[in-house]
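Undergrad: One file is attached below, data-v9.cif, containing mmCIF, C-alpha atoms.
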data_entry
#
loop_
_atom_site.label_atom_id
_atom_site.label_comp_id
_atom_site.auth_asym_id
_atom_site.auth_seq_id
_atom_site.Cartn_x
_atom_site.Cartn_y
_atom_site.Cartn_z
CA MET T 187 58.32 19.06 209.90
CA SER T 188 57.72 15.56 211.13
CA SER T 189 60.37 13.50 212.85
CA SER T 190 62.70 11.36 210.75
CA TYR T 191 61.80 8.39 212.86
CA GLY T 192 58.09 9.35 212.96
CA GLY T 193 57.19 6.20 211.07
CA TYR T 194 57.70 4.29 214.29
CA HIS T 195 54.35 5.37 215.66
CA SER T 196 52.50 6.17 212.46
CA GLN T 197 49.17 4.41 212.09
CA SER T 198 49.45 4.35 208.32
CA TYR T 199 52.61 2.29 208.47
CA ALA T 200 52.55 -1.26 209.72
CA PRO T 201 56.02 -2.53 210.60
CA SER T 202 56.59 -6.13 209.68
CA ALA T 203 58.66 -6.76 212.82
CA PRO T 204 57.03 -7.36 216.20
CA GLU T 205 55.98 -4.16 217.95
CA GLN T 206 57.80 -5.03 221.16
CA PRO T 207 60.66 -7.34 220.26
CA PRO T 208 62.67 -8.77 223.14
CA TYR T 209 65.68 -6.67 222.16
CA SER T 210 63.92 -3.60 223.52
CA ASN T 211 65.29 -4.99 226.79
CA TYR T 212 68.75 -3.93 225.98
CA ASN T 213 70.69 -1.46 228.02
CA HIS T 214 68.25 -2.20 230.81
CA THR T 215 65.73 0.40 229.75
CA SER T 216 62.79 -1.87 230.42
CA SER T 217 64.15 -4.63 232.62
CA SER T 218 65.74 -2.58 235.37
CA THR T 219 62.83 -3.16 237.72
CA SER T 220 63.73 -6.80 238.30
CA ASN T 221 67.51 -6.91 238.34
CA SER T 222 67.68 -8.74 241.63
CA SER T 223 67.45 -12.05 239.77
CA SER T 224 70.42 -11.43 237.50
CA SER T 225 72.22 -14.48 238.81
CA SER T 226 69.83 -16.98 237.21
CA PHE T 227 68.27 -17.51 233.80
CA PRO T 228 64.75 -16.21 233.22
CA ALA T 229 62.02 -18.87 233.09
CA GLY T 230 61.68 -20.32 229.61
CA THR T 231 65.30 -19.73 228.54
CA PRO T 232 66.10 -22.36 225.89
CA GLN T 233 68.44 -25.16 227.01
CA ASP T 234 71.03 -24.45 224.30
CA VAL T 235 71.40 -20.88 225.58
CA ILE T 236 71.96 -22.08 229.14
CA ARG T 237 74.41 -24.71 227.92
CA SER T 238 76.40 -22.15 225.90
CA PHE T 239 76.73 -19.93 228.94
CA GLN T 240 77.62 -22.69 231.39
CA MET T 241 80.17 -24.19 229.04
CA VAL T 242 82.32 -21.06 229.25
CA ASP T 243 81.55 -20.06 232.86
CA ARG T 244 83.94 -22.70 234.15
CA ASP T 245 84.36 -21.30 237.64
CA ARG T 246 80.54 -21.09 238.01
CA SER T 247 80.87 -17.44 239.07
CA GLY T 248 77.65 -16.59 237.24
CA PHE T 249 79.43 -14.00 235.13
CA ILE T 250 81.35 -14.22 231.88
CA ASP T 251 83.88 -11.77 230.45
CA GLU T 252 84.53 -10.59 226.93
CA ARG T 253 86.66 -13.54 225.91
CA GLU T 254 84.18 -16.04 227.33
CA LEU T 255 81.28 -14.23 225.67
CA HIS T 256 83.10 -14.51 222.36
CA GLN T 257 83.58 -18.23 222.93
CA ALA T 258 79.97 -18.82 224.01
CA LEU T 259 78.45 -16.99 221.05
CA SER T 260 80.92 -18.50 218.58
CA SER T 261 80.13 -22.04 219.61
CA GLY T 262 76.39 -21.61 219.78
CA PHE T 263 75.36 -18.75 217.53
CA HIS T 264 77.75 -16.96 215.20
CA HIS T 265 81.47 -16.31 215.08
CA PHE T 266 81.45 -12.56 215.77
CA ASN T 267 84.60 -10.49 215.61
CA PHE T 268 85.90 -8.92 218.81
CA ARG T 269 84.71 -5.42 217.90
CA THR T 270 81.15 -6.71 217.84
CA ILE T 271 81.59 -8.69 221.06
CA ARG T 272 82.91 -5.59 222.82
CA LEU T 273 79.91 -3.54 221.68
CA LEU T 274 77.44 -6.27 222.68
CA LEU T 275 79.06 -6.53 226.10
CA PHE T 276 78.76 -2.78 226.67
CA LEU T 277 75.17 -2.60 225.49
CA PHE T 278 73.95 -5.60 227.49
CA LYS T 279 75.97 -5.58 230.66
CA ASN T 280 74.50 -4.25 233.86
CA PRO T 281 75.78 -0.65 234.01
CA HIS T 282 76.66 -1.13 237.67
CA GLN T 283 78.77 -4.22 237.06
CA PRO T 284 82.28 -4.47 235.62
CA LEU T 285 82.84 -5.73 232.07
CA THR T 286 80.97 -9.02 232.52
CA ILE T 287 77.49 -10.31 231.86
CA GLY T 288 75.32 -12.73 233.82
CA PRO T 289 72.70 -15.30 232.78
CA LYS T 290 69.84 -12.83 232.49
CA GLU T 291 71.78 -10.45 230.23
CA PHE T 292 73.15 -13.38 228.24
CA ALA T 293 69.63 -14.71 227.59
CA ALA T 294 68.47 -11.22 226.52
CA LEU T 295 71.46 -10.83 224.22
CA TRP T 296 70.95 -14.23 222.62
CA SER T 297 67.29 -13.50 222.03
CA CYS T 298 68.11 -10.09 220.58
CA LEU T 299 70.69 -11.59 218.22
CA GLY T 300 68.12 -14.15 217.11
CA HIS T 301 65.81 -11.30 216.13
CA TRP T 302 68.54 -9.53 214.19
CA ARG T 303 69.29 -12.85 212.46
CA GLY T 304 65.62 -13.11 211.44
CA ILE T 305 65.64 -9.53 210.11
CA PHE T 306 68.90 -10.14 208.25
CA GLU T 307 67.52 -13.25 206.56
CA ARG T 308 64.24 -11.56 205.69
CA TYR T 309 65.94 -8.60 203.98
CA ASP T 310 68.81 -10.49 202.34
CA ARG T 311 66.44 -11.19 199.48
CA ASP T 312 68.99 -12.63 197.09
CA ARG T 313 70.39 -14.91 199.85
CA SER T 314 73.89 -13.55 199.22
CA GLY T 315 74.75 -13.60 202.92
CA LYS T 316 75.22 -9.85 202.63
CA ILE T 317 72.95 -6.85 203.05
CA ASP T 318 73.35 -4.03 200.53
CA PRO T 319 72.57 -0.35 201.28
CA LEU T 320 68.99 -0.54 200.02
CA GLU T 321 68.33 -3.74 201.96
CA LEU T 322 69.74 -2.06 205.09
CA ARG T 323 67.47 0.94 204.63
CA ASP T 324 64.47 -1.36 204.13
CA ALA T 325 65.41 -3.55 207.10
CA LEU T 326 65.65 -0.56 209.44
CA TYR T 327 62.44 0.90 208.03
CA GLY T 328 60.79 -2.48 208.49
CA ILE T 329 61.45 -2.40 212.24
CA GLY T 330 60.34 1.21 212.48
CA TYR T 331 63.43 3.35 211.89
CA ALA T 332 63.22 5.76 208.96
CA VAL T 333 66.91 6.65 208.92
CA PRO T 334 67.96 9.68 206.79
CA GLY T 335 70.12 8.83 203.77
CA SER T 336 73.03 10.94 205.04
CA VAL T 337 73.11 8.97 208.29
CA LEU T 338 72.97 5.63 206.47
CA GLN T 339 75.80 6.75 204.20
CA LEU T 340 77.96 7.67 207.19
CA LEU T 341 77.21 4.33 208.81
CA LEU T 342 78.05 2.40 205.66
CA SER T 343 81.29 4.32 205.18
CA LYS T 344 82.33 3.06 208.60
CA TYR T 345 81.01 -0.48 208.68
CA GLY T 346 80.50 -1.52 205.07
CA ASP T 347 82.80 -3.76 203.05
CA GLY T 348 83.73 -2.44 199.60
CA SER T 349 83.08 1.09 198.40
CA GLY T 350 80.65 3.26 196.47
CA ARG T 351 77.61 1.42 195.13
CA ARG T 352 79.17 -1.94 195.96
CA VAL T 353 79.14 -1.47 199.74
CA GLU T 354 77.58 -4.33 201.69
CA LEU T 355 77.33 -5.67 205.23
CA GLY T 356 77.87 -9.17 206.57
CA PHE T 357 75.82 -10.31 209.56
CA ASP T 358 78.43 -9.04 211.99
CA SER T 359 78.43 -5.47 210.66
CA PHE T 360 74.67 -5.57 210.17
CA VAL T 361 74.18 -6.31 213.87
CA VAL T 362 76.53 -3.47 214.80
CA CYS T 363 74.79 -0.98 212.48
CA GLY T 364 71.35 -2.09 213.60
CA MET T 365 72.18 -1.86 217.28
CA ILE T 366 73.79 1.55 216.87
CA ILE T 367 70.79 2.96 214.99
CA LYS T 368 68.26 1.34 217.29
CA GLY T 369 70.21 2.17 220.45
CA LEU T 370 70.98 5.81 219.69
CA THR T 371 67.52 6.47 218.23
CA ASP T 372 65.78 4.93 221.24
CA LYS T 373 67.95 6.99 223.60
CA PHE T 374 67.12 10.12 221.61
CA LYS T 375 63.40 9.29 221.67
CA GLU T 376 63.47 9.00 225.45
CA LYS T 377 64.31 12.72 225.41
CA ASP T 378 61.84 13.51 222.62
CA THR T 379 58.71 12.23 224.31
CA ARG T 380 56.36 14.12 221.99
CA TYR T 381 58.07 12.76 218.87
CA THR T 382 58.81 16.16 217.38
CA GLY T 383 62.12 15.08 215.84
CA SER T 384 64.20 17.23 218.16
CA ALA T 385 65.21 17.03 221.80
CA THR T 386 66.86 19.21 224.41
CA LEU T 387 69.78 17.47 226.09
CA SER T 388 72.10 18.49 228.89
CA TYR T 389 75.80 18.08 228.19
CA ASP T 390 76.06 15.26 230.75
CA ALA T 391 73.05 13.43 229.32
CA PHE T 392 74.43 13.80 225.79
CA MET T 393 77.83 12.37 226.73
CA THR T 394 76.32 9.56 228.80
CA MET T 395 74.00 8.61 225.91
CA VAL T 396 76.76 8.48 223.36
CA LEU T 397 79.79 6.97 225.10
CA PRO T 398 78.46 3.39 225.44
CA PHE T 399 78.29 3.18 221.64
CA LEU T 400 81.95 4.03 221.17
CA VAL T 401 83.74 0.75 220.77
CA SER T 402 87.20 0.42 222.18
CA TYR T 403 89.81 -2.02 221.01
CA ASP T 404 93.09 -2.87 222.67
CA MET Y 63 73.12 25.54 237.00
CA SER Y 64 76.24 26.36 235.07
CA SER Y 65 77.50 24.24 232.25
CA SER Y 66 79.85 21.34 232.99
CA TYR Y 67 82.29 22.70 230.48
CA GLY Y 68 81.72 26.29 231.59
CA GLY Y 69 85.33 26.57 232.75
CA TYR Y 70 86.33 26.90 229.12
CA HIS Y 71 85.26 30.53 229.00
CA SER Y 72 85.49 31.42 232.65
CA GLN Y 73 87.63 34.46 233.39
CA SER Y 74 88.52 33.15 236.80
CA TYR Y 75 90.15 30.07 235.36
CA ALA Y 76 93.30 30.34 233.30
CA PRO Y 77 93.90 27.22 231.24
CA SER Y 78 97.53 26.25 230.96
CA ALA Y 79 97.12 25.14 227.35
CA PRO Y 80 97.03 27.65 224.49
CA GLU Y 81 93.62 29.26 223.97
CA GLN Y 82 93.50 28.37 220.28
CA PRO Y 83 95.61 25.27 219.80
CA PRO Y 84 96.09 24.05 216.22
CA TYR Y 85 93.97 21.00 216.91
CA SER Y 86 90.87 23.18 216.80
CA ASN Y 87 91.31 22.69 213.05
CA TYR Y 88 90.10 19.19 213.20
CA ASN Y 89 87.01 17.98 211.46
CA HIS Y 90 87.29 21.07 209.28
CA THR Y 91 85.38 23.32 211.61
CA SER Y 92 87.74 26.24 211.18
CA SER Y 93 89.70 25.41 208.05
CA SER Y 94 86.83 24.84 205.65
CA THR Y 95 87.23 28.25 204.05
CA SER Y 96 90.44 27.30 202.29
CA ASN Y 97 89.97 23.69 201.27
CA SER Y 98 90.94 24.39 197.67
CA SER Y 99 94.59 23.90 198.60
CA SER Y 100 94.14 20.43 200.09
CA SER Y 101 96.55 18.95 197.56
CA SER Y 102 99.64 20.72 198.98
CA PHE Y 103 101.15 21.25 202.41
CA PRO Y 104 100.43 24.54 204.19
CA ALA Y 105 103.34 27.00 204.26
CA GLY Y 106 105.62 26.33 207.20
CA THR Y 107 104.94 22.59 207.44
CA PRO Y 108 108.05 20.98 208.98
CA GLN Y 109 110.20 18.95 206.59
CA ASP Y 110 109.91 15.75 208.64
CA VAL Y 111 106.11 15.87 208.33
CA ILE Y 112 106.31 16.28 204.55
CA ARG Y 113 108.88 13.48 204.36
CA SER Y 114 106.70 11.11 206.42
CA PHE Y 115 103.77 11.70 204.11
CA GLN Y 116 105.73 11.41 200.86
CA MET Y 117 107.48 8.27 202.00
CA VAL Y 118 104.16 6.36 202.10
CA ASP Y 119 102.39 8.13 199.22
CA ARG Y 120 104.34 6.08 196.70
CA ASP Y 121 102.09 6.70 193.72
CA ARG Y 122 102.20 10.49 194.39
CA SER Y 123 98.41 10.60 194.32
CA GLY Y 124 98.40 13.21 197.08
CA PHE Y 125 96.22 11.01 199.29
CA ILE Y 126 97.05 8.27 201.75
CA ASP Y 127 94.78 5.56 203.09
CA GLU Y 128 94.44 3.99 206.54
CA ARG Y 129 97.32 1.55 206.14
CA GLU Y 130 99.63 4.23 204.77
CA LEU Y 131 98.63 6.64 207.53
CA HIS Y 132 99.52 3.97 210.07
CA GLN Y 133 102.91 3.53 208.41
CA ALA Y 134 103.59 7.28 208.16
CA LEU Y 135 102.74 8.00 211.79
CA SER Y 136 104.54 4.89 213.05
CA SER Y 137 107.79 5.80 211.35
CA GLY Y 138 107.72 9.47 212.25
CA PHE Y 139 105.66 9.94 215.37
CA HIS Y 140 104.27 7.06 217.42
CA HIS Y 141 103.27 3.47 216.76
CA PHE Y 142 99.48 3.82 217.12
CA ASN Y 143 97.20 0.83 217.02
CA PHE Y 144 94.72 0.52 214.16
CA ARG Y 145 91.74 1.54 216.28
CA THR Y 146 93.37 4.90 216.86
CA ILE Y 147 94.42 5.30 213.23
CA ARG Y 148 90.86 4.62 212.11
CA LEU Y 149 89.48 7.26 214.48
CA LEU Y 150 92.13 9.81 213.44
CA LEU Y 151 91.34 9.19 209.79
CA PHE Y 152 87.63 9.74 210.36
CA LEU Y 153 88.14 12.89 212.39
CA PHE Y 154 90.66 14.50 210.06
CA LYS Y 155 89.63 13.44 206.59
CA ASN Y 156 87.72 15.80 204.36
CA PRO Y 157 84.08 14.74 204.88
CA HIS Y 158 83.51 14.87 201.12
CA GLN Y 159 86.41 12.56 200.31
CA PRO Y 160 86.63 8.78 200.68
CA LEU Y 161 88.69 7.19 203.48
CA THR Y 162 91.91 9.01 202.65
CA ILE Y 163 93.70 12.14 203.80
CA GLY Y 164 95.77 14.67 201.86
CA PRO Y 165 98.80 16.80 202.81
CA LYS Y 166 96.80 19.56 204.48
CA GLU Y 167 94.88 17.17 206.72
CA PHE Y 168 98.04 15.19 207.44
CA ALA Y 169 99.85 18.35 208.59
CA ALA Y 170 96.91 19.32 210.81
CA LEU Y 171 96.77 15.81 212.28
CA TRP Y 172 100.52 15.74 212.99
CA SER Y 173 100.37 19.13 214.67
CA CYS Y 174 97.36 18.06 216.73
CA LEU Y 175 99.12 14.87 217.85
CA GLY Y 176 102.13 16.96 218.86
CA HIS Y 177 99.89 19.00 221.13
CA TRP Y 178 98.39 15.89 222.71
CA ARG Y 179 101.92 14.58 223.20
CA GLY Y 180 102.82 17.81 225.02
CA ILE Y 181 99.73 17.57 227.22
CA PHE Y 182 100.43 13.90 227.96
CA GLU Y 183 103.99 14.65 229.03
CA ARG Y 184 102.94 17.63 231.13
CA TYR Y 185 100.35 15.63 233.10
CA ASP Y 186 102.26 12.35 233.35
CA ARG Y 187 103.91 13.83 236.42
CA ASP Y 188 105.62 10.67 237.62
CA ARG Y 189 106.96 9.99 234.09
CA SER Y 190 105.44 6.51 234.17
CA GLY Y 191 104.48 6.69 230.49
CA LYS Y 192 100.87 6.30 231.64
CA ILE Y 193 98.12 8.71 232.64
CA ASP Y 194 96.00 7.73 235.64
CA PRO Y 195 92.36 8.83 236.16
CA LEU Y 196 93.26 11.92 238.19
CA GLU Y 197 95.92 12.97 235.69
CA LEU Y 198 93.36 12.53 232.88
CA ARG Y 199 90.83 14.69 234.69
CA ASP Y 200 93.50 17.36 235.28
CA ALA Y 201 94.76 17.19 231.70
CA LEU Y 202 91.26 17.69 230.27
CA TYR Y 203 90.56 20.44 232.80
CA GLY Y 204 93.88 22.03 231.88
CA ILE Y 205 92.79 22.43 228.25
CA GLY Y 206 89.39 23.72 229.28
CA TYR Y 207 87.14 20.65 229.62
CA ALA Y 208 85.60 20.14 233.04
CA VAL Y 209 84.33 16.62 232.38
CA PRO Y 210 81.84 15.14 234.91
CA GLY Y 211 83.17 12.20 236.94
CA SER Y 212 80.51 9.85 235.60
CA VAL Y 213 81.57 10.58 232.02
CA LEU Y 214 85.25 10.08 232.85
CA GLN Y 215 84.44 6.80 234.53
CA LEU Y 216 82.57 5.56 231.46
CA LEU Y 217 85.46 6.61 229.25
CA LEU Y 218 88.01 4.87 231.45
CA SER Y 219 85.93 1.68 231.59
CA LYS Y 220 86.18 1.58 227.78
CA TYR Y 221 89.71 2.72 227.10
CA GLY Y 222 91.67 2.19 230.29
CA ASP Y 223 94.07 -0.65 230.98
CA GLY Y 224 93.58 -2.43 234.30
CA SER Y 225 90.54 -2.02 236.54
CA GLY Y 226 89.21 -0.11 239.55
CA ARG Y 227 91.63 2.36 241.05
CA ARG Y 228 94.51 0.96 239.00
CA VAL Y 229 93.11 2.04 235.62
CA GLU Y 230 95.54 3.97 233.42
CA LEU Y 231 95.96 5.13 229.85
CA GLY Y 232 98.93 4.87 227.51
CA PHE Y 233 99.49 7.62 224.94
CA ASP Y 234 97.37 5.83 222.35
CA SER Y 235 94.28 5.58 224.56
CA PHE Y 236 94.91 9.05 225.96
CA VAL Y 237 94.75 10.52 222.44
CA VAL Y 238 91.53 8.61 221.75
CA CYS Y 239 89.90 9.74 225.02
CA GLY Y 240 91.08 13.31 224.55
CA MET Y 241 89.82 13.53 220.99
CA ILE Y 242 86.48 11.99 221.88
CA ILE Y 243 85.92 14.41 224.77
CA LYS Y 244 87.16 17.42 222.83
CA GLY Y 245 85.38 16.43 219.62
CA LEU Y 246 81.98 15.62 221.13
CA THR Y 247 82.10 18.57 223.53
CA ASP Y 248 83.00 21.00 220.76
CA LYS Y 249 80.20 19.65 218.58
CA PHE Y 250 77.80 20.02 221.48
CA LYS Y 251 78.96 23.56 222.15
CA GLU Y 252 78.29 24.53 218.55
CA LYS Y 253 74.64 23.86 219.37
CA ASP Y 254 74.86 25.50 222.81
CA THR Y 255 76.02 28.91 221.67
CA ARG Y 256 75.07 30.63 224.92
CA TYR Y 257 76.96 28.04 227.04
CA THR Y 258 73.96 27.09 229.16
CA GLY Y 259 75.02 23.44 229.44
CA SER Y 260 72.14 22.16 227.34
CA ALA Y 261 71.28 22.18 223.65
CA THR Y 262 68.35 21.39 221.40
CA LEU Y 263 69.28 18.96 218.64
CA SER Y 264 67.35 17.54 215.73
CA TYR Y 265 67.52 13.76 215.34
CA ASP Y 266 69.54 14.10 212.13
CA ALA Y 267 72.00 16.53 213.71
CA PHE Y 268 72.37 14.25 216.74
CA MET Y 269 73.15 11.18 214.64
CA THR Y 270 75.50 13.10 212.33
CA MET Y 271 77.37 14.50 215.34
CA VAL Y 272 77.84 11.16 216.98
CA LEU Y 273 78.52 8.66 214.19
CA PRO Y 274 82.02 9.89 213.24
CA PHE Y 275 83.19 9.01 216.75
CA LEU Y 276 82.10 5.40 216.50
CA VAL Y 277 85.16 3.46 215.50
CA SER Y 278 84.73 0.49 213.23
CA TYR Y 279 87.10 -2.42 212.98
CA ASP Y 280 87.15 -5.12 210.36
#
Would you write the structure of this file as structure tokens?
TA:
Amino acid sequence: MSSSYGGYHSQSYAPSAPEQPPYSNYNHTSSSTSNSSSSSFPAGTPQDVIRSFQMVDRDRSGFIDERELHQALSSGFHHFNFRTIRLLLFLFKNPHQPLTIGPKEFAALWSCLGHWRGIFERYDRDRSGKIDPLELRDALYGIGYAVPGSVLQLLLSKYGDGSGRRVELGFDSFVVCGMIIKGLTDKFKEKDTRYTGSATLSYDAFMTMVLPFLVSYD
Amino acid sequence: MSSSYGGYHSQSYAPSAPEQPPYSNYNHTSSSTSNSSSSSFPAGTPQDVIRSFQMVDRDRSGFIDERELHQALSSGFHHFNFRTIRLLLFLFKNPHQPLTIGPKEFAALWSCLGHWRGIFERYDRDRSGKIDPLELRDALYGIGYAVPGSVLQLLLSKYGDGSGRRVELGFDSFVVCGMIIKGLTDKFKEKDTRYTGSATLSYDAFMTMVLPFLVSYD
């Protein structure tokens, strides 16, 4: 049996999203080699991104916390709810730092969110401002994730508004669902290097993979 | 190398908690054989539990939703925050039902919370009303979960109040942490039947195991 996410590397299937979008940076899987420069913005970071960060980093510490991240993204990008902000913070922060993010992580996050915005707009075909279950399935498939129906249903029962056939996702919940699917699937694939659709995990690795995706709320 | 949670079945280690506490019912792993009676309380359910349920189930539908569950537990047990209620609902509800729970699940949940309350009080040695990181480690070890330090640290960074060495958990967060560790570990162990400390999972099984523990918040 082929892997559920096998479409990712299938030659017969051409994803409409870029092969290596910037959001593959997240959780430091591919950017950990150069984390010495985390105190400054990467070359080419747009001015509005830098401005949004600096506006909230009032003490010029080079790091912003959850509340400041919420403020920065709300003023410049989208008014996310705190659940989403908390998840974004956990997925993008340097794992060796406390609950704050610096310029480099902020730029990666902003770029990632821009990609999810593009995907959302592409798949929200009726321009309703909402993604329905079929549009979600197509959007995830379009970026290379063939997610089983049972998994999508579970995700929608948690994050969707409404019920039954009328479930839909706003941009906020769409970003959360997308990042959870992408993040957990990518983590799983790191352990399934031959793309067989199954992986052997130690208990520690399993717990360490999963916990960052659990969102806390005080 | 022995499993991280190997202590659970070790003869040389006598857990101070009951071997088969009622909360092993949760997520229907051991009670699925008799789910035909989900519309009535199990024999022996304490009167105050029945009263708490009936008080909020005003239309006598036999099912209560998230808001009603919050109200029922708040009046009879503990004033949990909505994050916790949402997680409890997801872990205890019948997987084939919508976001509601019936009398049988409510009784199991109440009993489970009573056990966590007992554990909390036993390990909160200084009676501060809070559990510190060492007390959490001991509490989990006491019920048979030898959780690696790195996993505990990740958990505390999400759910703890305060920072660094001053992190602590109130009862609410303690229940969440305990249920996440117990729930994910038990799920993992179902796939690691020989207790080797590692398991082979299909992608679908992995996602289906993990998603119920992700808490959503609208």
Undergrad: For CA of Phe357 in chain T and CA of Thr270 in chain T, determine how far apart the two atoms are, in Å to one decimal place.
TA: 10.5 Å
Undergrad: Find, counting all atoms listed in the file, the residue in Y:Ile112, Y:Leu150, Y:Val272, Y:Ala170 that gets nearest to Glu128 in chain Y.
TA: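 Selected residue with least distance to Glu128 in chain Y: Y:Leu150.
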Undergrad: Could you pull out every residue with an atom within 10 Å of (101.7, 16.4, 215.7), file coordinates, counting all atoms listed in the file, and send them as a PyMOL selection string?
TA: chain Y and resi 84-85+111+135+138-140+168-180
Undergrad: Using only C-alpha atoms, what table do you get, as JSON lines, when you list each residue of chain Y with an atom no more than 10 Å from chain T, its nearest pair of atoms, and their distance in Å rounded to one decimal, rows by chain then rising number?
TA:
{"residue": "Y:Ser65", "atom": "CA", "partner": "T:Tyr389", "partner_atom": "CA", "distance": 7.6}
{"residue": "Y:Ser66", "atom": "CA", "partner": "T:Tyr389", "partner_atom": "CA", "distance": 7.1}
{"residue": "Y:Tyr67", "atom": "CA", "partner": "T:Tyr389", "partner_atom": "CA", "distance": 8.3}
{"residue": "Y:Asn143", "atom": "CA", "partner": "T:Asp404", "partner_atom": "CA", "distance": 7.9}
{"residue": "Y:Phe144", "atom": "CA", "partner": "T:Tyr403", "partner_atom": "CA", "distance": 8.8}
{"residue": "Y:Arg145", "atom": "CA", "partner": "T:Tyr403", "partner_atom": "CA", "distance": 6.2}
{"residue": "Y:Thr146", "atom": "CA", "partner": "T:Tyr403", "partner_atom": "CA", "distance": 8.8}
{"residue": "Y:Arg148", "atom": "CA", "partner": "T:Lys344", "partner_atom": "CA", "distance": 9.4}
{"residue": "Y:Phe152", "atom": "CA", "partner": "T:Lys344", "partner_atom": "CA", "distance": 8.7}
{"residue": "Y:Pro157", "atom": "CA", "partner": "T:Leu340", "partner_atom": "CA", "distance": 9.6}
{"residue": "Y:Pro160", "atom": "CA", "partner": "T:Ser343", "partner_atom": "CA", "distance": 8.3}
{"residue": "Y:Leu161", "atom": "CA", "partner": "T:Ser343", "partner_atom": "CA", "distance": 8.1}
{"residue": "Y:Val209", "atom": "CA", "partner": "T:Asp390", "partner_atom": "CA", "distance": 8.5}
{"residue": "Y:Pro210", "atom": "CA", "partner": "T:Asp390", "partner_atom": "CA", "distance": 7.1}
{"residue": "Y:Gly211", "atom": "CA", "partner": "T:Asp390", "partner_atom": "CA", "distance": 9.9}
{"residue": "Y:Ser212", "atom": "CA", "partner": "T:Thr394", "partner_atom": "CA", "distance": 8.0}
{"residue": "Y:Val213", "atom": "CA", "partner": "T:Thr394", "partner_atom": "CA", "distance": 6.2}
{"residue": "Y:Leu214", "atom": "CA", "partner": "T:Thr394", "partner_atom": "CA", "distance": 9.8}
{"residue": "Y:Leu216", "atom": "CA", "partner": "T:Leu397", "partner_atom": "CA", "distance": 7.1}
{"residue": "Y:Leu217", "atom": "CA", "partner": "T:Leu397", "partner_atom": "CA", "distance": 7.0}
{"residue": "Y:Ser219", "atom": "CA", "partner": "T:Leu285", "partner_atom": "CA", "distance": 8.0}
{"residue": "Y:Lys220", "atom": "CA", "partner": "T:Ser402", "partner_atom": "CA", "distance": 5.8}
{"residue": "Y:Tyr221", "atom": "CA", "partner": "T:Ser402", "partner_atom": "CA", "distance": 6.0}
{"residue": "Y:Gly222", "atom": "CA", "partner": "T:Asp404", "partner_atom": "CA", "distance": 9.3}
{"residue": "Y:Asp223", "atom": "CA", "partner": "T:Asp404", "partner_atom": "CA", "distance": 8.7}
{"residue": "Y:Ser225", "atom": "CA", "partner": "T:Pro284", "partner_atom": "CA", "distance": 8.7}
{"residue": "Y:Gly226", "atom": "CA", "partner": "T:Pro284", "partner_atom": "CA", "distance": 9.1}
{"residue": "Y:Asp234", "atom": "CA", "partner": "T:Asp404", "partner_atom": "CA", "distance": 9.7}
{"residue": "Y:Ser235", "atom": "CA", "partner": "T:Asp404", "partner_atom": "CA", "distance": 8.7}
{"residue": "Y:Val238", "atom": "CA", "partner": "T:Ser402", "partner_atom": "CA", "distance": 9.3}
{"residue": "Y:Ile242", "atom": "CA", "partner": "T:Leu397", "partner_atom": "CA", "distance": 9.0}
{"residue": "Y:Ile243", "atom": "CA", "partner": "T:Met393", "partner_atom": "CA", "distance": 8.6}
{"residue": "Y:Leu246", "atom": "CA", "partner": "T:Met393", "partner_atom": "CA", "distance": 7.7}
{"residue": "Y:Thr247", "atom": "CA", "partner": "T:Tyr389", "partner_atom": "CA", "distance": 7.9}
{"residue": "Y:Phe250", "atom": "CA", "partner": "T:Tyr389", "partner_atom": "CA", "distance": 7.3}
{"residue": "Y:Lys251", "atom": "CA", "partner": "T:Tyr389", "partner_atom": "CA", "distance": 8.7}
{"residue": "Y:Asp254", "atom": "CA", "partner": "T:Tyr389", "partner_atom": "CA", "distance": 9.2}
{"residue": "Y:Thr258", "atom": "CA", "partner": "T:Ser388", "partner_atom": "CA", "distance": 8.8}
{"residue": "Y:Gly259", "atom": "CA", "partner": "T:Tyr389", "partner_atom": "CA", "distance": 5.6}
{"residue": "Y:Ser260", "atom": "CA", "partner": "T:Ser388", "partner_atom": "CA", "distance": 4.0}
{"residue": "Y:Ala261", "atom": "CA", "partner": "T:Thr386", "partner_atom": "CA", "distance": 5.4}
{"residue": "Y:Thr262", "atom": "CA", "partner": "T:Thr386", "partner_atom": "CA", "distance": 4.0}
{"residue": "Y:Leu263", "atom": "CA", "partner": "T:Ser384", "partner_atom": "CA", "distance": 5.4}
{"residue": "Y:Ser264", "atom": "CA", "partner": "T:Ser384", "partner_atom": "CA", "distance": 4.0}
{"residue": "Y:Tyr265", "atom": "CA", "partner": "T:Ser384", "partner_atom": "CA", "distance": 5.6}
{"residue": "Y:Asp266", "atom": "CA", "partner": "T:Pro334", "partner_atom": "CA", "distance": 7.1}
{"residue": "Y:Ala267", "atom": "CA", "partner": "T:Ser384", "partner_atom": "CA", "distance": 9.0}
{"residue": "Y:Phe268", "atom": "CA", "partner": "T:Phe374", "partner_atom": "CA", "distance": 8.3}
{"residue": "Y:Met269", "atom": "CA", "partner": "T:Val337", "partner_atom": "CA", "distance": 6.7}
{"residue": "Y:Thr270", "atom": "CA", "partner": "T:Val337", "partner_atom": "CA", "distance": 6.3}
{"residue": "Y:Met271", "atom": "CA", "partner": "T:Val337", "partner_atom": "CA", "distance": 9.9}
{"residue": "Y:Val272", "atom": "CA", "partner": "T:Val396", "partner_atom": "CA", "distance": 7.0}
{"residue": "Y:Leu273", "atom": "CA", "partner": "T:Leu341", "partner_atom": "CA", "distance": 7.0}
{"residue": "Y:Pro274", "atom": "CA", "partner": "T:Leu340", "partner_atom": "CA", "distance": 7.6}
{"residue": "Y:Phe275", "atom": "CA", "partner": "T:Leu400", "partner_atom": "CA", "distance": 6.8}
{"residue": "Y:Leu276", "atom": "CA", "partner": "T:Leu400", "partner_atom": "CA", "distance": 4.9}
{"residue": "Y:Val277", "atom": "CA", "partner": "T:Val401", "partner_atom": "CA", "distance": 6.1}
{"residue": "Y:Ser278", "atom": "CA", "partner": "T:Lys344", "partner_atom": "CA", "distance": 5.8}
{"residue": "Y:Tyr279", "atom": "CA", "partner": "T:Arg269", "partner_atom": "CA", "distance": 6.2}
{"residue": "Y:Asp280", "atom": "CA", "partner": "T:Tyr345", "partner_atom": "CA", "distance": 7.9}
